[in-house]
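S.K.: Below is the file my_file30.cif, which contains mmCIF, C-alpha atoms.
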```cif
data_input
#
loop_
_atom_site.label_atom_id
_atom_site.label_comp_id
_atom_site.auth_asym_id
_atom_site.auth_seq_id
_atom_site.Cartn_x
_atom_site.Cartn_y
_atom_site.Cartn_z
CA MET Z 1 -138.48 137.33 -50.19
CA ASP Z 2 -140.22 134.06 -51.04
CA ASP Z 3 -140.51 133.37 -54.77
CA PRO Z 4 -143.18 130.63 -54.40
CA LEU Z 5 -146.71 131.79 -53.58
CA PRO Z 6 -148.30 130.23 -50.51
CA THR Z 7 -150.79 127.62 -51.72
CA ALA Z 8 -153.70 129.30 -49.93
CA VAL Z 9 -152.91 132.65 -51.57
CA ARG Z 10 -153.24 131.51 -55.19
CA PRO Z 11 -157.05 131.17 -55.40
CA LEU Z 12 -157.51 134.26 -53.23
CA LEU Z 13 -155.59 136.45 -55.68
CA THR Z 14 -157.82 135.21 -58.52
CA GLN Z 15 -160.88 135.89 -56.38
CA LEU Z 16 -159.67 139.41 -55.56
CA LYS Z 17 -159.22 140.21 -59.26
CA ARG Z 18 -162.71 138.92 -60.04
CA GLN Z 19 -164.25 140.95 -57.21
CA LEU Z 20 -162.52 144.12 -58.38
CA ARG Z 21 -163.59 143.48 -61.98
CA GLU Z 22 -167.21 142.95 -60.93
CA LEU Z 23 -167.19 146.04 -58.71
CA ILE Z 24 -165.92 148.17 -61.61
CA SER Z 25 -168.42 146.63 -64.03
CA ASP Z 26 -171.34 147.28 -61.68
CA THR Z 27 -170.14 150.84 -61.07
CA LEU Z 28 -169.92 151.57 -64.81
CA SER Z 29 -173.42 150.22 -65.44
CA ALA Z 30 -175.14 151.91 -62.48
CA PRO Z 31 -177.70 154.51 -63.69
CA GLN Z 32 -176.16 157.29 -61.61
CA THR Z 33 -172.68 156.78 -63.08
CA ARG Z 34 -173.37 156.19 -66.78
CA ARG Z 35 -172.53 159.77 -67.72
CA LEU Z 36 -169.46 160.13 -65.53
CA THR Z 37 -165.97 160.76 -66.89
CA PRO Z 38 -163.34 158.02 -66.48
CA SER Z 39 -161.74 159.91 -63.57
CA GLN Z 40 -165.13 160.24 -61.88
CA VAL Z 41 -165.78 156.52 -62.36
CA ARG Z 42 -162.43 155.75 -60.74
CA ALA Z 43 -163.21 158.05 -57.83
CA ASN Z 44 -166.55 156.31 -57.39
CA VAL Z 45 -164.88 152.88 -57.29
CA LEU Z 46 -162.29 154.08 -54.78
CA ALA Z 47 -165.05 155.56 -52.62
CA GLN Z 48 -166.88 152.23 -52.57
CA LEU Z 49 -163.70 150.42 -51.61
CA ALA Z 50 -163.03 152.97 -48.87
CA SER Z 51 -166.53 152.40 -47.48
CA MET Z 52 -165.54 148.73 -47.10
CA GLY Z 53 -162.33 149.64 -45.32
CA VAL Z 54 -160.11 149.04 -48.38
CA ARG Z 55 -157.59 151.79 -49.08
CA VAL Z 56 -155.86 152.31 -52.45
CA PRO Z 57 -152.75 154.53 -52.17
CA PRO Z 58 -152.04 157.44 -54.54
CA PRO Z 59 -150.39 156.53 -57.89
CA GLU Z 60 -146.65 155.92 -57.82
CA THR Z 61 -144.52 158.73 -59.17
CA GLU Z 62 -142.81 158.23 -62.53
CA GLY Z 63 -139.54 156.40 -62.18
CA ARG Z 64 -140.28 154.84 -58.82
CA ASP Z 65 -139.33 151.15 -58.67
CA SER Z 66 -142.64 149.27 -58.89
CA ASN Z 67 -140.91 146.10 -57.69
CA ALA Z 68 -139.87 147.66 -54.38
CA PHE Z 69 -140.75 145.49 -51.41
CA ASP Z 70 -140.21 145.03 -47.69
CA THR Z 71 -139.57 141.88 -45.71
CA SER Z 72 -142.86 142.16 -43.80
CA TYR Z 73 -144.96 141.82 -46.93
CA VAL Z 74 -148.52 140.49 -46.67
CA TYR Z 75 -150.80 139.59 -49.59
CA GLY Z 76 -154.01 141.45 -50.43
CA ASP Z 77 -152.85 145.02 -51.10
CA ILE Z 78 -154.47 146.92 -53.97
CA HIS Z 79 -151.82 149.21 -55.42
CA GLN Z 80 -153.72 151.00 -58.15
CA ILE Z 81 -156.87 151.19 -60.27
CA THR Z 82 -156.96 153.18 -63.51
CA VAL Z 83 -159.87 154.04 -65.81
CA ASN Z 84 -159.15 155.61 -69.20
CA ARG Z 85 -160.86 156.19 -72.54
CA PRO Z 86 -158.32 155.08 -75.19
CA VAL Z 87 -157.55 157.71 -77.80
CA GLY Z 88 -159.56 157.10 -80.96
CA HIS Z 89 -161.94 154.66 -79.27
CA PRO Z 90 -164.82 156.68 -77.79
CA ASP Z 91 -166.95 153.55 -77.30
CA LEU Z 92 -164.38 151.83 -75.08
CA LEU Z 93 -163.04 152.17 -71.56
CA ALA Z 94 -159.72 150.61 -70.54
CA VAL Z 95 -159.38 149.62 -66.89
CA THR Z 96 -156.34 148.26 -65.08
CA THR Z 97 -156.13 146.88 -61.57
CA THR Z 98 -152.81 146.32 -59.82
CA ILE Z 99 -152.46 144.17 -56.72
CA GLY Z 100 -149.36 143.41 -54.70
CA ILE Z 101 -147.35 140.24 -54.55
CA CYS Z 102 -144.05 139.54 -52.85
CA CYS Z 103 -141.20 141.49 -54.53
CA GLY Z 104 -143.53 143.07 -57.07
CA GLU Z 105 -147.04 143.55 -58.36
CA ASP Z 106 -149.60 141.97 -60.68
CA SER Z 107 -151.65 144.07 -63.13
CA SER Z 108 -154.73 143.07 -65.13
CA LEU Z 109 -156.30 144.79 -68.14
CA TYR Z 110 -160.00 144.98 -69.01
CA LEU Z 111 -161.56 146.60 -72.07
CA PHE Z 112 -165.19 147.59 -71.53
CA LYS Z 113 -167.63 148.36 -74.34
CA ARG Z 114 -171.12 149.78 -73.92
CA ARG Z 115 -173.82 147.34 -75.00
CA GLY Z 116 -177.31 148.58 -74.31
CA ARG Z 117 -177.46 149.98 -70.80
CA ARG Z 118 -174.43 148.09 -69.51
CA TRP Z 119 -170.69 148.20 -70.01
CA GLN Z 120 -169.46 144.73 -70.84
CA VAL Z 121 -165.90 143.36 -70.68
CA VAL Z 122 -164.88 142.48 -74.26
CA LEU Z 123 -161.17 141.79 -73.62
CA ARG Z 124 -159.49 140.59 -70.46
CA GLN Z 125 -155.83 139.93 -69.71
CA GLU Z 126 -155.17 138.44 -66.28
CA ALA Z 127 -152.49 136.16 -64.89
CA ASN Z 128 -154.02 133.55 -62.60
CA GLY Z 129 -153.04 130.33 -60.87
CA TYR Z 130 -149.28 130.84 -60.96
CA ALA Z 131 -147.21 129.01 -58.36
CA GLU Z 132 -144.28 131.47 -58.29
CA ILE Z 133 -144.27 135.25 -58.36
CA ASN Z 134 -142.73 135.36 -61.86
CA GLY Z 135 -146.14 134.37 -63.23
CA ALA Z 136 -147.48 137.83 -62.36
CA GLN Z 137 -147.63 140.82 -64.72
CA ALA Z 138 -145.46 143.60 -63.28
CA ARG Z 139 -144.45 146.91 -64.88
CA PHE Z 140 -147.53 146.48 -67.07
CA LYS Z 141 -148.17 148.69 -70.12
CA TYR Z 142 -150.77 148.60 -72.87
CA ALA Z 143 -151.80 150.57 -75.95
CA LEU Z 144 -154.55 150.38 -78.58
CA ALA Z 145 -153.89 150.99 -82.26
CA PRO Z 146 -156.37 153.10 -84.25
CA SER Z 147 -159.27 151.19 -85.81
CA ASP Z 148 -159.00 150.23 -89.48
CA LYS Z 149 -161.77 150.82 -92.05
CA HIS Z 150 -163.59 147.74 -90.77
CA GLY Z 151 -163.50 148.89 -87.15
CA ASN Z 152 -160.87 146.33 -86.12
CA PHE Z 153 -157.88 147.25 -84.00
CA VAL Z 154 -154.91 145.68 -82.24
CA VAL Z 155 -154.22 145.78 -78.51
CA VAL Z 156 -150.57 145.50 -77.50
CA THR Z 157 -149.56 144.70 -73.91
CA ALA Z 158 -146.19 144.26 -72.24
CA ASN Z 159 -145.06 143.26 -68.77
CA VAL Z 160 -141.98 142.14 -66.84
CA ASN Z 161 -141.98 139.19 -64.48
CA PRO Z 162 -141.39 140.02 -60.80
CA TRP Z 163 -138.56 138.31 -58.93
CA CYS Z 164 -136.77 138.92 -55.65
CA THR Z 165 -133.24 138.97 -57.08
CA SER Z 166 -131.37 140.04 -60.25
CA ASN Z 167 -131.85 142.92 -62.68
CA TRP Z 168 -132.09 140.42 -65.57
CA GLN Z 169 -135.66 139.31 -66.21
CA GLN Z 170 -138.13 138.66 -69.04
CA LEU Z 171 -140.04 141.28 -70.99
CA ARG Z 172 -143.21 139.58 -72.25
CA TYR Z 173 -145.36 141.19 -74.92
CA ARG Z 174 -148.50 140.30 -76.83
CA ALA Z 175 -150.60 141.68 -79.67
CA MET Z 176 -154.24 140.67 -79.84
CA ARG Z 177 -157.68 141.52 -81.13
CA ILE Z 178 -161.07 141.18 -79.47
CA GLY Z 179 -162.11 137.53 -79.71
CA ARG Z 180 -165.24 135.47 -79.25
CA SER Z 181 -165.18 136.01 -75.49
CA ALA Z 182 -163.44 138.41 -73.15
CA ASN Z 183 -161.10 135.78 -71.71
CA GLN Z 184 -160.19 134.40 -75.15
CA PRO Z 185 -158.84 137.30 -77.20
CA ARG Z 186 -157.54 136.56 -80.68
CA LEU Z 187 -153.81 136.33 -80.03
CA ILE Z 188 -151.70 137.25 -83.06
CA LEU Z 189 -148.28 137.69 -81.45
CA LYS Z 190 -146.74 136.34 -78.24
CA ARG Z 191 -143.03 136.93 -77.61
CA ASP Z 192 -140.56 137.52 -74.82
CA ALA Z 193 -137.08 139.02 -74.54
CA ILE Z 194 -134.41 139.42 -71.88
CA ILE Z 195 -134.53 142.86 -70.27
CA TYR Z 196 -132.11 144.63 -67.94
CA LEU Z 197 -133.86 146.46 -65.10
CA GLY Z 198 -130.90 148.35 -63.66
CA ILE Z 199 -131.62 151.49 -65.71
CA ASN Z 200 -134.27 153.76 -64.25
CA PRO Z 201 -136.36 155.58 -65.49
CA PRO Z 202 -137.84 154.31 -67.71
CA VAL Z 203 -137.35 150.56 -67.90
CA TYR Z 204 -138.92 150.19 -71.36
CA ARG Z 205 -141.13 152.08 -73.78
CA LEU Z 206 -144.09 150.78 -75.76
CA LYS Z 207 -145.36 152.81 -78.72
CA VAL Z 208 -148.34 151.80 -80.87
CA ARG Z 209 -149.45 153.49 -84.09
CA ALA Z 210 -151.62 152.54 -87.05
CA GLN Z 211 -150.40 149.24 -88.47
CA ARG Z 212 -147.21 149.18 -86.41
CA PHE Z 213 -145.76 149.20 -82.91
CA SER Z 214 -142.35 149.26 -81.23
CA LEU Z 215 -140.63 148.37 -77.98
CA LYS Z 216 -137.46 149.98 -76.63
CA PHE Z 217 -135.47 148.52 -73.74
CA TYR Z 218 -132.01 147.47 -72.58
CA GLY Z 219 -131.10 143.84 -73.17
CA GLU Z 220 -128.07 141.57 -73.25
CA ALA Z 221 -124.92 142.75 -74.96
CA ASP Z 222 -123.61 140.65 -77.84
CA ARG Z 223 -120.27 138.85 -77.74
CA ARG Z 224 -118.32 141.70 -79.34
CA ALA Z 225 -119.75 144.25 -76.90
CA ILE Z 226 -118.95 141.97 -73.96
CA GLU Z 227 -115.36 141.70 -75.14
CA ASN Z 228 -115.24 145.51 -75.02
CA GLY Z 229 -116.50 145.56 -71.45
CA ALA Z 230 -120.23 146.19 -72.04
CA THR Z 231 -122.96 144.07 -70.44
CA THR Z 232 -126.07 145.68 -71.92
CA ARG Z 233 -127.22 147.16 -75.20
CA ARG Z 234 -130.20 149.20 -76.29
CA VAL Z 235 -132.76 147.14 -78.22
CA ILE Z 236 -135.51 148.59 -80.42
CA LEU Z 237 -138.06 146.16 -81.86
CA HIS Z 238 -140.34 147.31 -84.69
CA TYR Z 239 -143.35 145.33 -85.91
CA THR Z 240 -145.86 145.89 -88.70
CA VAL Z 241 -149.47 144.69 -88.57
CA ASP Z 242 -150.88 143.06 -91.69
CA GLY Z 243 -154.41 141.89 -90.99
CA ASN Z 244 -154.05 139.08 -88.47
CA ARG Z 245 -150.33 138.72 -89.08
CA ILE Z 246 -147.53 140.66 -87.44
CA ARG Z 247 -144.07 140.78 -88.96
CA PRO Z 248 -140.80 142.08 -87.52
CA ALA Z 249 -140.03 145.25 -89.45
CA ARG Z 250 -136.68 146.11 -87.96
CA ILE Z 251 -134.53 145.20 -84.96
CA THR Z 252 -131.95 147.75 -83.82
CA LYS Z 253 -129.31 146.75 -81.26
CA ARG Z 254 -126.55 149.03 -80.13
#
```
Could I get this file's structure written as structure tokens?
M.R.:
Amino acid sequence: MDDPLPTAVRPLLTQLKRQLRELISDTLSAPQTRRLTPSQVRANVLAQLASMGVRVPPPETEGRDSNAFDTSYVYGDIHQITVNRPVGHPDLLAVTTTIGICCGEDSSLYLFKRRGRRWQVVLRQEANGYAEINGAQARFKYALAPSDKHGNFVVVTANVNPWCTSNWQQLRYRAMRIGRSANQPRLILKRDAIIYLGINPPVYRLKVRAQRFSLKFYGEADRRAIENGATTRRVILHYTVDGNRIRPARITKR
């Protein structure tokens, strides 16, 4: 239950993410896998890892606490790899990798686009170099909005920081577009909110539609609710997308 990461672990986690990303990229671009479905690509990646003695467990069931941990934790576990074709984006593949850290997990998102004979990463969201576990991206979710008439679209991601104590943590969310390079997306919204994790399932919901998106979760109660004995309230955040600007459309708290 150590919140700080061991110094030696920090660069190794970054290296593990890079190795997984490169393995997936090479698998997607291999001649024998170019016509495979996303599930077949994932199976191919898992098979390659298995041949190296690396085991990835089956996906967690819905509602299971992704921040569960044991006191004998060691770094280096790969919890999950997903490969999906986002709805409305037939030329893209969305890949997530999830690795373990103490008291939680750390997920990364990669958007791949076919360019010539290879699939190239065009958007990357990783958390690297953090000194404490709350720098990781746990309970990670993402969604892509439909493309507009110019072919542009917004990617919305959300995650909760891991920590070894307390059900009160931060919900961090971003909205971005593909930028000049994969590791420098065009960020158009970056916010965070206090979230209560003691309600399960689900902890929060992210919904993205054309020109708008919303987040639903349980947050802090206001003063009046606290006086009436409540500690939490349901929060619904609505945003509208206007070009490269995002505006709050409505905030519901009850």
S.K.: Rounded to one decimal place, report the CA of Leu23 in chain Z-CA of Tyr173 in chain Z distance in Å.
M.R.: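 That distance, rounded to one decimal, is 27.6 Å.
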S.K.: For this file, the PyMOL selection byres ((chain Z and resi 238) around 9) selects which residues, as a VMD selection string?
M.R.: chain Z and resid 212 to 216 236 to 237 239 to 240 247 to 252
S.K.: Name every residue that the PyMOL selection byres ((chain Z and resi 185) around 12) selects in this structure, writing the answer as a PyMOL selection string with chains first and numbers rising.
M.R.: chain Z and resi 110-111+121-126+154-156+174-184+186-189
S.K.: Excluding range 192-207 of chain Z and its own-chain neighbours fewer than 5 positions away, which residues fall within 10 Å of it when counting only C-alpha atoms? Please give them as an NGL selection string.
M.R.: :Z and (62-65 or 139 or 141-145 or 156-160 or 166-174 or 212-220 or 231-238)
S.K.: Identify, on the basis of all atoms listed in the file, every residue whose closest approach to Thr37 in chain Z does not exceed 12 Å; exclude the query and any residue fewer than 6 positions from it along the same chain; express the result as a list of chain:residue names.
M.R.: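 My reading of the contact set: Z:Leu28, Z:Ala43, Z:Asn44, Z:Val83, Z:Asn84, Z:Arg85, Z:Pro90, Z:Leu93.
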S.K.: CA of Ser39 in chain Z to CA of Asp148 in chain Z: how many Å, to one decimal?
M.R.: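 Interatomic distance here is 27.8 Å.
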S.K.: Which of these, Z:Asn152, Z:Ser147, Z:Asn128, Z:Gln211, has the shortest distance to Leu12 in chain Z once you count only C-alpha atoms?
M.R.: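 That would be Z:Asn128, the residue with the smallest distance to Leu12 in chain Z.
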